[in-house]
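With mmCIF, C-alpha atoms inside, this is start_8.cif:
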```cif
data_my_file
loop_
_atom_site.label_atom_id
_atom_site.label_comp_id
_atom_site.auth_asym_id
_atom_site.auth_seq_id
_atom_site.Cartn_x
_atom_site.Cartn_y
_atom_site.Cartn_z
CA MET O 1 0.00 0.00 0.00
CA ILE O 2 1.35 3.40 -0.93
CA ASP O 3 1.48 5.61 2.12
CA LEU O 4 0.54 9.08 0.94
CA VAL O 5 -1.02 11.84 2.92
CA ALA O 6 -4.00 13.26 1.07
CA GLY O 7 -3.05 16.46 -0.68
CA SER O 8 0.67 15.77 -0.53
CA VAL O 9 1.04 15.21 -4.27
CA VAL O 10 2.56 18.10 -6.19
CA TRP O 11 1.42 17.96 -9.79
CA GLU O 12 4.06 19.30 -12.14
CA ARG O 13 2.78 18.65 -15.66
CA GLU O 14 -0.62 17.93 -17.09
CA TRP O 15 -2.04 17.27 -20.53
CA LEU O 16 -5.49 18.44 -21.61
CA VAL O 17 -7.91 16.86 -24.05
CA ASP O 18 -10.98 18.95 -24.88
CA GLY O 19 -10.29 21.11 -21.86
CA PHE O 20 -10.02 18.23 -19.40
CA VAL O 21 -6.91 16.72 -17.86
CA SER O 22 -6.21 13.40 -19.58
CA HIS O 23 -3.08 12.59 -17.59
CA ARG O 24 -0.64 14.35 -15.30
CA PHE O 25 2.72 13.79 -13.67
CA GLY O 26 3.84 14.82 -10.22
CA ARG O 27 5.63 13.77 -7.09
CA ALA O 28 5.09 13.06 -3.44
CA ALA O 29 7.97 12.61 -1.05
CA ASP O 30 10.56 10.48 -2.89
CA LEU O 31 8.08 9.03 -5.37
CA VAL O 32 7.20 10.15 -8.88
CA ILE O 33 3.56 9.76 -9.83
CA ALA O 34 1.67 9.47 -13.09
CA GLU O 35 -2.11 9.63 -13.11
CA TRP O 36 -4.47 8.84 -15.95
CA THR O 37 -7.85 10.41 -15.35
CA GLY O 38 -10.50 7.85 -14.54
CA VAL O 39 -8.06 4.98 -14.97
CA GLY O 40 -5.41 4.85 -12.27
CA ARG O 41 -2.13 6.00 -10.78
CA LEU O 42 1.43 4.78 -11.12
CA TYR O 43 3.92 5.31 -8.29
CA ALA O 44 7.66 4.66 -8.47
CA ALA O 45 10.93 5.70 -6.92
CA ARG O 46 13.20 7.71 -9.19
CA ASP O 47 15.32 4.64 -9.93
CA GLY O 48 12.24 2.70 -11.05
CA SER O 49 12.08 0.58 -7.92
CA ARG O 50 8.97 0.25 -5.75
CA SER O 51 6.74 0.73 -8.78
CA ARG O 52 3.06 0.13 -8.26
CA PHE O 53 -0.04 0.78 -10.36
CA GLU O 54 -3.38 1.30 -8.65
CA ALA O 55 -6.55 1.35 -10.74
CA PHE O 56 -9.24 3.76 -9.62
CA ASP O 57 -12.51 2.40 -8.32
CA GLY O 58 -14.89 1.95 -11.23
CA ALA O 59 -12.17 2.18 -13.86
CA ASP O 60 -12.55 0.08 -16.98
CA ALA O 61 -10.49 -3.03 -16.26
CA GLY O 62 -9.20 -3.32 -19.81
CA ALA O 63 -8.14 0.30 -19.97
CA ALA O 64 -6.42 0.06 -16.61
CA ASP O 65 -4.58 -3.10 -17.62
CA ARG O 66 -3.46 -1.51 -20.85
CA VAL O 67 -2.15 1.63 -19.13
CA ARG O 68 -0.33 -0.48 -16.55
CA ARG O 69 1.27 -2.82 -19.09
CA PHE O 70 2.32 -0.26 -21.65
CA LEU O 71 2.49 3.40 -20.58
CA GLY O 72 3.15 2.54 -16.95
CA GLU O 73 5.73 -0.11 -17.75
CA GLY O 74 7.35 2.25 -20.25
CA LEU O 75 7.71 5.00 -17.69
CA VAL O 76 9.21 2.61 -15.16
CA ARG O 77 11.64 1.25 -17.75
CA HIS O 78 12.69 4.81 -18.51
CA LEU O 79 13.41 5.43 -14.84
CA ARG O 80 15.59 2.30 -14.89
CA GLY O 81 17.63 3.65 -17.80
CA GLU O 82 15.92 1.95 -20.73
CA ILE O 83 14.13 3.58 -23.65
CA ALA O 84 10.39 3.54 -24.16
CA LEU O 85 8.94 5.21 -27.23
CA HIS O 86 5.40 6.08 -28.14
CA ALA O 87 5.53 3.90 -31.24
CA SER O 88 4.17 0.88 -33.01
CA SER O 89 6.54 -1.73 -34.39
CA VAL O 90 6.59 -4.73 -36.70
CA VAL O 91 9.22 -7.31 -37.55
CA ILE O 92 9.94 -7.90 -41.24
CA GLY O 93 12.54 -10.45 -42.22
CA GLY O 94 14.04 -10.51 -38.75
CA VAL O 95 14.38 -6.73 -38.54
CA ALA O 96 12.15 -4.48 -36.46
CA VAL O 97 10.77 -1.25 -37.88
CA ALA O 98 9.30 1.31 -35.49
CA PHE O 99 6.65 3.87 -36.47
CA VAL O 100 6.43 7.15 -34.62
CA GLY O 101 4.36 10.27 -35.11
CA ALA O 102 1.75 12.48 -33.61
CA SER O 103 -1.45 11.03 -32.23
CA GLY O 104 -3.59 10.05 -35.21
CA ALA O 105 -0.63 9.85 -37.58
CA GLY O 106 -1.45 6.21 -38.33
CA LYS O 107 1.02 4.25 -36.20
CA SER O 108 -1.43 1.49 -35.35
CA SER O 109 -3.03 1.51 -38.81
CA ILE O 110 0.29 1.04 -40.60
CA ALA O 111 1.32 -1.72 -38.21
CA ALA O 112 -2.03 -3.48 -38.64
CA ALA O 113 -1.89 -3.19 -42.42
CA LEU O 114 1.65 -4.59 -42.48
CA CYS O 115 0.61 -7.45 -40.22
CA ARG O 116 -1.90 -8.63 -42.81
CA ARG O 117 1.14 -9.92 -44.70
CA ALA O 118 2.20 -13.46 -43.83
CA ASP O 119 5.84 -12.46 -43.43
CA VAL O 120 5.29 -9.67 -40.91
CA GLU O 121 5.04 -10.00 -37.13
CA LEU O 122 3.69 -7.49 -34.64
CA ALA O 123 6.07 -6.28 -31.93
CA ALA O 124 4.27 -3.27 -30.45
CA ASP O 125 1.05 -1.44 -31.08
CA ASP O 126 1.46 1.77 -29.10
CA THR O 127 4.39 1.59 -26.69
CA LEU O 128 7.78 0.25 -27.76
CA PHE O 129 10.45 -0.86 -25.31
CA ILE O 130 14.04 -0.75 -26.55
CA VAL O 131 17.07 -2.25 -24.84
CA GLN O 132 20.74 -2.05 -25.68
CA ASP O 133 22.43 -5.41 -26.14
CA HIS O 134 26.18 -5.26 -26.75
CA GLY O 135 25.85 -2.07 -28.77
CA THR O 136 22.75 -3.20 -30.67
CA PHE O 137 19.35 -1.66 -30.07
CA ARG O 138 16.72 -4.38 -29.78
CA VAL O 139 12.96 -4.13 -29.42
CA VAL O 140 11.11 -5.99 -26.69
CA PRO O 141 7.89 -7.44 -28.15
CA THR O 142 4.97 -6.49 -25.96
CA GLU O 143 1.81 -7.38 -27.84
CA ASN O 144 -0.16 -10.57 -28.24
CA ALA O 145 -2.71 -9.12 -30.65
CA ASN O 146 -3.45 -6.04 -32.67
CA ARG O 147 -5.32 -3.56 -30.58
CA LEU O 148 -6.75 -1.21 -33.14
CA ASP O 149 -9.73 0.46 -31.64
CA ARG O 150 -13.13 0.42 -33.29
CA GLN O 151 -12.55 3.70 -35.06
CA ASP O 152 -9.27 2.56 -36.57
CA ALA O 153 -10.77 -0.72 -37.67
CA ALA O 154 -13.64 1.12 -39.32
CA GLY O 155 -11.12 3.26 -41.15
CA LEU O 156 -9.54 0.16 -42.62
CA LYS O 157 -13.01 -1.09 -43.63
CA ARG O 158 -12.24 -4.61 -42.59
CA ALA O 159 -11.95 -6.61 -39.42
CA VAL O 160 -8.61 -6.65 -37.69
CA GLU O 161 -7.41 -10.19 -37.96
CA PRO O 162 -5.16 -12.11 -35.61
CA VAL O 163 -1.55 -11.53 -36.44
CA ARG O 164 1.77 -13.24 -36.05
CA VAL O 165 3.48 -11.95 -32.96
CA ALA O 166 7.20 -11.42 -32.56
CA ARG O 167 8.50 -13.45 -29.64
CA GLU O 168 12.16 -12.53 -29.30
CA GLY O 169 14.00 -9.28 -29.07
CA VAL O 170 15.10 -8.40 -32.59
CA PRO O 171 17.44 -5.68 -33.83
CA LEU O 172 15.81 -2.36 -34.52
CA GLY O 173 16.42 -1.76 -38.22
CA ALA O 174 14.78 1.62 -38.71
CA ILE O 175 12.58 4.27 -37.17
CA VAL O 176 9.96 5.73 -39.48
CA ALA O 177 8.25 9.04 -38.75
CA LEU O 178 4.72 9.13 -40.18
CA VAL O 179 3.66 12.45 -41.67
CA ALA O 180 0.30 13.23 -43.29
CA ASP O 181 0.90 15.21 -46.48
CA GLU O 182 -2.01 15.80 -48.84
CA SER O 183 0.44 16.93 -51.53
CA ALA O 184 2.16 13.54 -51.59
CA THR O 185 0.85 11.81 -54.71
CA ASP O 186 2.61 8.60 -53.73
CA PRO O 187 3.88 7.62 -50.29
CA ARG O 188 7.48 8.78 -50.07
CA LEU O 189 9.97 7.12 -47.78
CA VAL O 190 13.08 9.26 -47.40
CA ALA O 191 16.06 9.05 -45.07
CA LEU O 192 16.41 11.92 -42.61
CA GLU O 193 19.76 13.45 -41.82
CA GLY O 194 21.25 15.77 -39.26
CA ALA O 195 19.45 17.04 -36.21
CA MET O 196 16.08 15.96 -37.57
CA ARG O 197 16.99 12.36 -36.74
CA PHE O 198 17.36 13.27 -33.11
CA ARG O 199 14.18 15.32 -33.10
CA VAL O 200 12.11 12.40 -34.40
CA VAL O 201 13.45 10.06 -31.73
CA SER O 202 13.29 12.51 -28.83
CA ASP O 203 9.73 13.55 -29.67
CA ALA O 204 8.63 9.93 -29.20
CA LEU O 205 10.35 9.38 -25.85
CA LEU O 206 8.15 8.46 -22.90
CA ARG O 207 9.37 10.06 -19.69
CA PHE O 208 8.03 11.67 -16.59
CA VAL O 209 11.03 13.29 -15.01
CA TRP O 210 12.43 16.56 -16.39
CA ASP O 211 14.39 17.99 -13.49
CA ASP O 212 17.02 15.29 -12.93
CA ASP O 213 20.32 16.38 -14.50
CA ALA O 214 21.82 12.89 -14.58
CA MET O 215 18.70 11.35 -16.09
CA ASN O 216 18.42 14.10 -18.70
CA LEU O 217 22.05 13.65 -19.70
CA ARG O 218 21.60 9.89 -19.90
CA ASP O 219 18.56 10.38 -22.16
CA PHE O 220 20.49 12.78 -24.37
CA GLU O 221 23.36 10.36 -24.81
CA THR O 222 21.18 7.29 -25.34
CA LEU O 223 18.83 9.01 -27.77
CA GLY O 224 21.85 10.44 -29.57
CA MET O 225 23.29 6.96 -30.04
CA LEU O 226 19.92 5.64 -31.18
CA ALA O 227 19.47 8.46 -33.70
CA SER O 228 23.03 8.04 -34.98
CA GLU O 229 23.12 4.27 -35.30
CA VAL O 230 19.60 3.36 -36.40
CA PRO O 231 18.38 4.78 -39.74
CA VAL O 232 15.63 7.35 -39.26
CA LEU O 233 13.23 7.83 -42.15
CA GLU O 234 10.14 9.85 -42.92
CA LEU O 235 7.07 8.47 -44.66
CA ARG O 236 4.90 11.18 -46.20
CA ARG O 237 1.51 10.05 -47.42
CA ARG O 238 -2.02 11.19 -47.88
CA TRP O 239 -4.49 10.30 -45.16
CA GLU O 240 -6.51 7.82 -47.21
CA LEU O 241 -6.90 4.06 -47.34
CA SER O 242 -5.13 3.56 -50.66
CA ALA O 243 -2.11 5.40 -49.29
CA ILE O 244 -1.86 2.86 -46.46
CA ALA O 245 -1.66 -0.05 -48.90
CA ARG O 246 0.96 1.74 -51.00
CA SER O 247 2.82 2.70 -47.85
CA VAL O 248 3.01 -0.95 -46.88
CA ASP O 249 4.52 -1.75 -50.27
CA ALA O 250 7.06 1.06 -49.91
CA ILE O 251 8.10 -0.11 -46.46
CA VAL O 252 8.46 -3.75 -47.48
CA ARG O 253 10.50 -2.75 -50.52
CA ALA O 254 12.76 -0.59 -48.36
CA VAL O 255 13.38 -3.37 -45.87
CA ALA O 256 14.14 -5.80 -48.70
CA SER O 257 16.68 -3.34 -50.11
CA TRP O 258 18.44 -3.16 -46.72
CA SER O 259 18.61 -6.94 -46.62
CA ASP O 260 20.17 -7.02 -50.11
CA ARG O 261 23.03 -4.75 -49.08
CA MET T 1 28.62 43.32 -27.29
CA ASN T 2 31.71 41.36 -28.13
CA GLY T 3 32.68 39.94 -24.79
CA SER T 4 33.84 36.36 -24.58
CA LEU T 5 31.25 33.66 -24.25
CA ARG T 6 31.18 30.27 -22.64
CA VAL T 7 28.90 27.27 -22.83
CA GLY T 8 26.13 27.45 -20.24
CA GLY T 9 26.26 25.26 -17.20
CA GLY T 10 24.52 21.95 -17.77
CA VAL T 11 24.59 22.36 -21.55
CA HIS T 12 25.84 19.47 -23.67
CA ALA T 13 26.13 19.19 -27.44
CA ARG T 14 26.15 16.37 -29.96
CA ARG T 15 26.85 16.55 -33.68
CA PHE T 16 24.63 14.93 -36.28
CA GLY T 17 26.47 15.45 -39.54
CA ASP T 18 26.81 19.20 -39.99
CA GLU T 19 24.16 19.98 -37.40
CA VAL T 20 24.28 20.20 -33.63
CA VAL T 21 21.70 19.30 -31.01
CA LEU T 22 22.00 20.87 -27.57
CA VAL T 23 20.49 19.84 -24.28
CA ASP T 24 20.17 21.79 -21.08
CA VAL T 25 20.16 18.93 -18.59
CA ARG T 26 18.86 21.20 -15.85
CA ARG T 27 15.56 21.45 -17.71
CA GLY T 28 15.64 18.41 -19.99
CA VAL T 29 15.04 20.62 -23.02
CA TYR T 30 16.55 20.03 -26.46
CA PHE T 31 17.56 22.60 -29.06
CA SER T 32 18.67 21.96 -32.62
CA LEU T 33 20.78 24.25 -34.78
CA ASN T 34 20.96 24.35 -38.57
CA ASP T 35 24.27 24.01 -40.36
CA VAL T 36 25.18 27.68 -40.10
CA GLY T 37 24.14 27.93 -36.47
CA SER T 38 26.03 24.74 -35.74
CA LEU T 39 29.23 26.18 -37.22
CA VAL T 40 28.82 29.29 -35.08
CA TRP T 41 28.22 27.11 -32.01
CA ASN T 42 31.23 24.90 -32.70
CA GLU T 43 33.49 27.92 -33.13
CA LEU T 44 32.26 29.62 -29.97
CA ALA T 45 32.40 26.40 -27.95
CA ALA T 46 35.99 25.97 -29.10
CA GLY T 47 36.82 29.39 -27.71
CA ALA T 48 36.57 31.59 -30.79
CA SER T 49 35.22 35.11 -30.57
CA ILE T 50 31.99 36.03 -32.30
CA ASP T 51 33.99 37.77 -35.01
CA GLY T 52 36.04 34.63 -35.40
CA ALA T 53 32.87 32.58 -35.80
CA ILE T 54 31.59 35.06 -38.39
CA GLY T 55 34.82 34.65 -40.32
CA ALA T 56 34.32 30.88 -40.33
CA VAL T 57 30.77 31.30 -41.62
CA VAL T 58 31.87 33.62 -44.44
CA ALA T 59 34.65 31.21 -45.38
CA THR T 60 32.29 28.21 -45.43
CA PHE T 61 28.98 29.44 -46.80
CA LEU T 62 27.99 31.70 -49.67
CA VAL T 63 27.07 34.64 -47.49
CA ASP T 64 28.35 38.19 -47.28
CA GLU T 65 29.94 39.42 -44.09
CA THR T 66 27.17 41.92 -43.29
CA THR T 67 24.50 39.21 -43.36
CA ALA T 68 26.69 36.75 -41.46
CA HIS T 69 27.41 39.40 -38.85
CA ALA T 70 23.72 40.18 -38.28
CA ASP T 71 22.71 36.52 -38.21
CA ALA T 72 25.51 35.47 -35.87
CA TYR T 73 24.80 38.20 -33.35
CA ALA T 74 21.08 37.43 -33.45
CA LEU T 75 21.85 33.75 -32.86
CA VAL T 76 24.15 34.53 -29.94
CA ASP T 77 21.44 36.68 -28.36
CA GLU T 78 19.00 33.75 -28.67
CA LEU T 79 21.49 31.28 -27.24
CA VAL T 80 22.24 33.56 -24.30
CA SER T 81 18.53 34.14 -23.67
CA ALA T 82 17.98 30.38 -23.64
CA GLY T 83 20.84 29.90 -21.17
CA LEU T 84 22.86 27.87 -23.65
CA LEU T 85 25.63 30.44 -23.74
CA GLU T 86 26.75 32.71 -20.95
CA ARG T 87 28.70 35.91 -21.19
CA ALA T 88 31.99 35.49 -19.38
CA ASP T 89 31.41 38.60 -17.32
CA GLU T 90 28.13 37.21 -15.95
CA SER T 91 28.11 35.24 -12.74
CA ARG T 92 26.76 31.68 -12.97
#
```
Written form, structure tokens:
Amino acid sequence: MIDLVAGSVVWEREWLVDGFVSHRFGRAADLVIAEWTGVGRLYAARDGSRSRFEAFDGADAGAADRVRRFLGEGLVRHLRGEIALHASSVVIGGVAVAFVGASGAGKSSIAAALCRRADVELAADDTLFIVQDHGTFRVVPTENANRLDRQDAAGLKRAVEPVRVAREGVPLGAIVALVADESATDPRLVALEGAMRFRVVSDALLRFVWDDDAMNLRDFETLGMLASEVPVLELRRRWELSAIARSVDAIVRAVASWSDR
Amino acid sequence: MNGSLRVGGGVHARRFGDEVVLVDVRRGVYFSLNDVGSLVWNELAAGASIDGAIGAVVATFLVDETTAHADAYALVDELVSAGLLERADESR
């Protein structure tokens, strides 16, 4: 049981959706706290130890479980020195590809569309855990099924089918930033260079501590290595169903070209 | 303003090709510089004066000295305002 005196939590950052707080981060004593409105609270020490998720009374059990397993686990992993990105990921030919982008950019839709192919496995739908293994960045598969919500599934105009699921940590082959671009006649997959590589990766980082010098420096160095060593690309496409299918083709072709090198 | 400058406390830099990304670890905030700004940063961080950095910009890019001068001083003002650079005569 977390021993907190009522009112002792200092909330430091909050995010609004339609004028209401969707989630917020704060602290109490030596614990950092994340709260998802109507769902639950995560408590942890700054080193990731003593982590505990408590669902609120009346919270949807599925939503609470999902927050605990993905966002909550990602935040705890970050405290422990690992990387958690707001990203989907699939494995193609033994190489993981991560998709990042703003909410609604199509991360889950692209992953689901790719997973309709027999040679593609799902690694992550929304939250991607990355570990360093002897200098190689590897993804930690977290999903046992696609989790497209009803709205996404309706957008694809077909049921979301069971998919093959990646079971082992596989090397991260590329990070792809999804960008909606109505001027893009065909989906374009281009390699990013320079500081933009870092920006794409850092924008996707899950974290809930900003005022810890050592942790911020560690993030900077780790994200810098990730952005330097793993190719970072940008996929520009129209927001329409046909663009998803052509995007899948472009991604598969790109991965095949890496394998041929 | 042409006093010497130093990198702000808690500020770290990393190069990505010709561009530089900065972090202020005290706030966990990132800043990215374009290729010209990165050259100015690298020169200043190495101890060059602003005029020295301007000379490097003129020697590297197709830009006249007047434009480089204005742009470099504007950039330095922004970097100082953001706490990424400190004037040597200012206390930490």
Sorted by chain and rising residue number, which residues of chain T lie within 10 Å of chain O, and what are their closest atom pairs and distances in Å to one decimal, counting all atoms listed in the file, as JSON lines?
```
{"residue": "T:Gly10", "atom": "CA", "partner": "O:Asp213", "partner_atom": "CA", "distance": 7.7}
{"residue": "T:Val11", "atom": "CA", "partner": "O:Leu217", "partner_atom": "CA", "distance": 9.3}
{"residue": "T:His12", "atom": "CA", "partner": "O:Leu217", "partner_atom": "CA", "distance": 8.0}
{"residue": "T:Ala13", "atom": "CA", "partner": "O:Phe220", "partner_atom": "CA", "distance": 9.1}
{"residue": "T:Arg14", "atom": "CA", "partner": "O:Gly224", "partner_atom": "CA", "distance": 7.3}
{"residue": "T:Arg15", "atom": "CA", "partner": "O:Ala195", "partner_atom": "CA", "distance": 7.8}
{"residue": "T:Phe16", "atom": "CA", "partner": "O:Gly194", "partner_atom": "CA", "distance": 4.6}
{"residue": "T:Gly17", "atom": "CA", "partner": "O:Gly194", "partner_atom": "CA", "distance": 5.2}
{"residue": "T:Asp18", "atom": "CA", "partner": "O:Gly194", "partner_atom": "CA", "distance": 6.6}
{"residue": "T:Glu19", "atom": "CA", "partner": "O:Gly194", "partner_atom": "CA", "distance": 5.4}
{"residue": "T:Val20", "atom": "CA", "partner": "O:Ala195", "partner_atom": "CA", "distance": 6.3}
{"residue": "T:Val21", "atom": "CA", "partner": "O:Ala195", "partner_atom": "CA", "distance": 6.1}
{"residue": "T:Leu22", "atom": "CA", "partner": "O:Phe220", "partner_atom": "CA", "distance": 8.8}
{"residue": "T:Val23", "atom": "CA", "partner": "O:Phe220", "partner_atom": "CA", "distance": 7.1}
{"residue": "T:Asp24", "atom": "CA", "partner": "O:Asn216", "partner_atom": "CA", "distance": 8.2}
{"residue": "T:Val25", "atom": "CA", "partner": "O:Asp213", "partner_atom": "CA", "distance": 4.8}
{"residue": "T:Arg26", "atom": "CA", "partner": "O:Asp213", "partner_atom": "CA", "distance": 5.2}
{"residue": "T:Arg27", "atom": "CA", "partner": "O:Asp211", "partner_atom": "CA", "distance": 5.6}
{"residue": "T:Gly28", "atom": "CA", "partner": "O:Trp210", "partner_atom": "CA", "distance": 5.2}
{"residue": "T:Val29", "atom": "CA", "partner": "O:Trp210", "partner_atom": "CA", "distance": 8.2}
{"residue": "T:Tyr30", "atom": "CA", "partner": "O:Arg199", "partner_atom": "CA", "distance": 8.5}
{"residue": "T:Phe31", "atom": "CA", "partner": "O:Arg199", "partner_atom": "CA", "distance": 9.0}
{"residue": "T:Ser32", "atom": "CA", "partner": "O:Ala195", "partner_atom": "CA", "distance": 6.1}
{"residue": "T:Leu33", "atom": "CA", "partner": "O:Ala195", "partner_atom": "CA", "distance": 7.5}
{"residue": "T:Asn34", "atom": "CA", "partner": "O:Ala195", "partner_atom": "CA", "distance": 7.8}
{"residue": "T:Asp35", "atom": "CA", "partner": "O:Gly194", "partner_atom": "CA", "distance": 8.8}
```
Open item on the list: Take the PyMOL selection byres ((chain O and resi 31) around 8), run it mentally on this structure, and tell me the resulting residues as a list in words.
Closed with: Arg27, Ala28, Ala29, Asp30, Val32, Ile33, Tyr43, Ala44, Ala45 and Arg46 of chain O
Take the residues that were just selected and, keeping C-alpha atoms, output them as a PDB file, keeping the file's coordinate frame.
```pdb
ATOM      1  CA  ARG O  27       5.630  13.770  -7.090  1.00  0.00           C
ATOM      2  CA  ALA O  28       5.090  13.060  -3.440  1.00  0.00           C
ATOM      3  CA  ALA O  29       7.970  12.610  -1.050  1.00  0.00           C
ATOM      4  CA  ASP O  30      10.560  10.480  -2.890  1.00  0.00           C
ATOM      5  CA  VAL O  32       7.200  10.150  -8.880  1.00  0.00           C
ATOM      6  CA  ILE O  33       3.560   9.760  -9.830  1.00  0.00           C
ATOM      7  CA  TYR O  43       3.920   5.310  -8.290  1.00  0.00           C
ATOM      8  CA  ALA O  44       7.660   4.660  -8.470  1.00  0.00           C
ATOM      9  CA  ALA O  45      10.930   5.700  -6.920  1.00  0.00           C
ATOM     10  CA  ARG O  46      13.200   7.710  -9.190  1.00  0.00           C
TER      11      ARG O  46
END
```
Open item on the list: Quick check on the file I pasted: which residues fall under the PyMOL selection byres ((chain T and resi 68) around 10)? Write them as an MDAnalysis selection string.
Closed with: chainID T and resid 36 51 53:58 61:67 69:74
Open item on the list: I'd like the residues picked by the PyMOL selection byres ((chain O and resi 244-248) around 12) written out as a PyMOL selection string, using the chain letters and numbers from the file.
Closed with: chain O and resi 90+92+97+105-117+120+155-156+176+178-180+184-189+234-243+249-255
Could the centre and edge lengths of an axis-aligned box, enclosing all atoms of stretch 58-62 of chain O in the file with 5 Å extra on each side, be given in Å to one decimal as AutoDock Vina command-line options?
```
--center_x -12.0 --center_y -0.6 --center_z -15.5 --size_x 15.7 --size_y 15.5 --size_z 18.6
```
List the spatial neighbours of stretch 130-145 of chain O as a short mmCIF file (atom, residue, chain, number, x, y, z; two decimals) with C-alpha atoms, keeping the file's coordinate frame - criterion: any atom at most 8 Å away, only C-alpha atoms, same-chain residues fewer than 3 positions off excluded.
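Dumped everything to part_30.cif:
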```cif
data_model
loop_
_atom_site.label_atom_id
_atom_site.label_comp_id
_atom_site.auth_asym_id
_atom_site.auth_seq_id
_atom_site.Cartn_x
_atom_site.Cartn_y
_atom_site.Cartn_z
CA GLU O 82 15.92 1.95 -20.73
CA ILE O 83 14.13 3.58 -23.65
CA ALA O 84 10.39 3.54 -24.16
CA LEU O 85 8.94 5.21 -27.23
CA ALA O 96 12.15 -4.48 -36.46
CA LEU O 122 3.69 -7.49 -34.64
CA ALA O 123 6.07 -6.28 -31.93
CA ALA O 124 4.27 -3.27 -30.45
CA ASP O 125 1.05 -1.44 -31.08
CA PRO O 162 -5.16 -12.11 -35.61
CA VAL O 163 -1.55 -11.53 -36.44
CA VAL O 165 3.48 -11.95 -32.96
CA ALA O 166 7.20 -11.42 -32.56
CA ARG O 167 8.50 -13.45 -29.64
CA GLU O 168 12.16 -12.53 -29.30
CA GLY O 169 14.00 -9.28 -29.07
CA VAL O 170 15.10 -8.40 -32.59
CA PRO O 171 17.44 -5.68 -33.83
CA LEU O 172 15.81 -2.36 -34.52
CA LEU O 226 19.92 5.64 -31.18
#
```
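One distance worth recording is that between atom CA of T:Gly83 and atom CA of T:Gly8, which is 5.9 Å.
The space between atom CA of O:Arg80 and atom CA of O:Gly101 spans 24.5 Å.
The coordinates place atom CA of O:Gly40 at 11.7 Å from atom CA of O:Gly62.
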- [ ] Select, from T:Ala82, T:Leu5, T:Ala88, T:Leu75, the residue with the minimum atom-to-atom distance to T:Ser49, counting all atoms listed in the file.
- [x] T:Leu5
TODO: Determine, counting all atoms listed in the file, which protein, DNA and RNA residues have an atom within 12 Å of an atom of O:Asp65; residues of the same chain fewer than 3 positions away are not included. Present the result as a ChimeraX atom specification.
DONE: /O:39-42,53-56,59-62,68-73
Output C-alpha atoms of each residue in that selection to a file, as a PDB file, keeping the file's coordinate frame.
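Once written, part03.pdb looks like this:
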```pdb
ATOM      1  CA  VAL O  39      -8.060   4.980 -14.970  1.00  0.00           C
ATOM      2  CA  GLY O  40      -5.410   4.850 -12.270  1.00  0.00           C
ATOM      3  CA  ARG O  41      -2.130   6.000 -10.780  1.00  0.00           C
ATOM      4  CA  LEU O  42       1.430   4.780 -11.120  1.00  0.00           C
ATOM      5  CA  PHE O  53      -0.040   0.780 -10.360  1.00  0.00           C
ATOM      6  CA  GLU O  54      -3.380   1.300  -8.650  1.00  0.00           C
ATOM      7  CA  ALA O  55      -6.550   1.350 -10.740  1.00  0.00           C
ATOM      8  CA  PHE O  56      -9.240   3.760  -9.620  1.00  0.00           C
ATOM      9  CA  ALA O  59     -12.170   2.180 -13.860  1.00  0.00           C
ATOM     10  CA  ASP O  60     -12.550   0.080 -16.980  1.00  0.00           C
ATOM     11  CA  ALA O  61     -10.490  -3.030 -16.260  1.00  0.00           C
ATOM     12  CA  GLY O  62      -9.200  -3.320 -19.810  1.00  0.00           C
ATOM     13  CA  ARG O  68      -0.330  -0.480 -16.550  1.00  0.00           C
ATOM     14  CA  ARG O  69       1.270  -2.820 -19.090  1.00  0.00           C
ATOM     15  CA  PHE O  70       2.320  -0.260 -21.650  1.00  0.00           C
ATOM     16  CA  LEU O  71       2.490   3.400 -20.580  1.00  0.00           C
ATOM     17  CA  GLY O  72       3.150   2.540 -16.950  1.00  0.00           C
ATOM     18  CA  GLU O  73       5.730  -0.110 -17.750  1.00  0.00           C
TER      19      GLU O  73
END
```
- [ ] Tell me, as a PyMOL selection string, which residues lie within 12 Å of T:Glu86, counting all atoms listed in the file; anything in the same chain fewer than 4 positions away does not count.
- [x] chain T and resi 3-11+44-45+76-82+90-92
Take the residues that were just selected and, keeping C-alpha atoms, output them as a PDB file, keeping the file's coordinate frame.
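To be explicit, this is the file written out as out_21.pdb:
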```pdb
ATOM      1  CA  GLY T   3      32.680  39.940 -24.790  1.00  0.00           C
ATOM      2  CA  SER T   4      33.840  36.360 -24.580  1.00  0.00           C
ATOM      3  CA  LEU T   5      31.250  33.660 -24.250  1.00  0.00           C
ATOM      4  CA  ARG T   6      31.180  30.270 -22.640  1.00  0.00           C
ATOM      5  CA  VAL T   7      28.900  27.270 -22.830  1.00  0.00           C
ATOM      6  CA  GLY T   8      26.130  27.450 -20.240  1.00  0.00           C
ATOM      7  CA  GLY T   9      26.260  25.260 -17.200  1.00  0.00           C
ATOM      8  CA  GLY T  10      24.520  21.950 -17.770  1.00  0.00           C
ATOM      9  CA  VAL T  11      24.590  22.360 -21.550  1.00  0.00           C
ATOM     10  CA  LEU T  44      32.260  29.620 -29.970  1.00  0.00           C
ATOM     11  CA  ALA T  45      32.400  26.400 -27.950  1.00  0.00           C
ATOM     12  CA  VAL T  76      24.150  34.530 -29.940  1.00  0.00           C
ATOM     13  CA  ASP T  77      21.440  36.680 -28.360  1.00  0.00           C
ATOM     14  CA  GLU T  78      19.000  33.750 -28.670  1.00  0.00           C
ATOM     15  CA  LEU T  79      21.490  31.280 -27.240  1.00  0.00           C
ATOM     16  CA  VAL T  80      22.240  33.560 -24.300  1.00  0.00           C
ATOM     17  CA  SER T  81      18.530  34.140 -23.670  1.00  0.00           C
ATOM     18  CA  ALA T  82      17.980  30.380 -23.640  1.00  0.00           C
ATOM     19  CA  GLU T  90      28.130  37.210 -15.950  1.00  0.00           C
ATOM     20  CA  SER T  91      28.110  35.240 -12.740  1.00  0.00           C
ATOM     21  CA  ARG T  92      26.760  31.680 -12.970  1.00  0.00           C
TER      22      ARG T  92
END
```
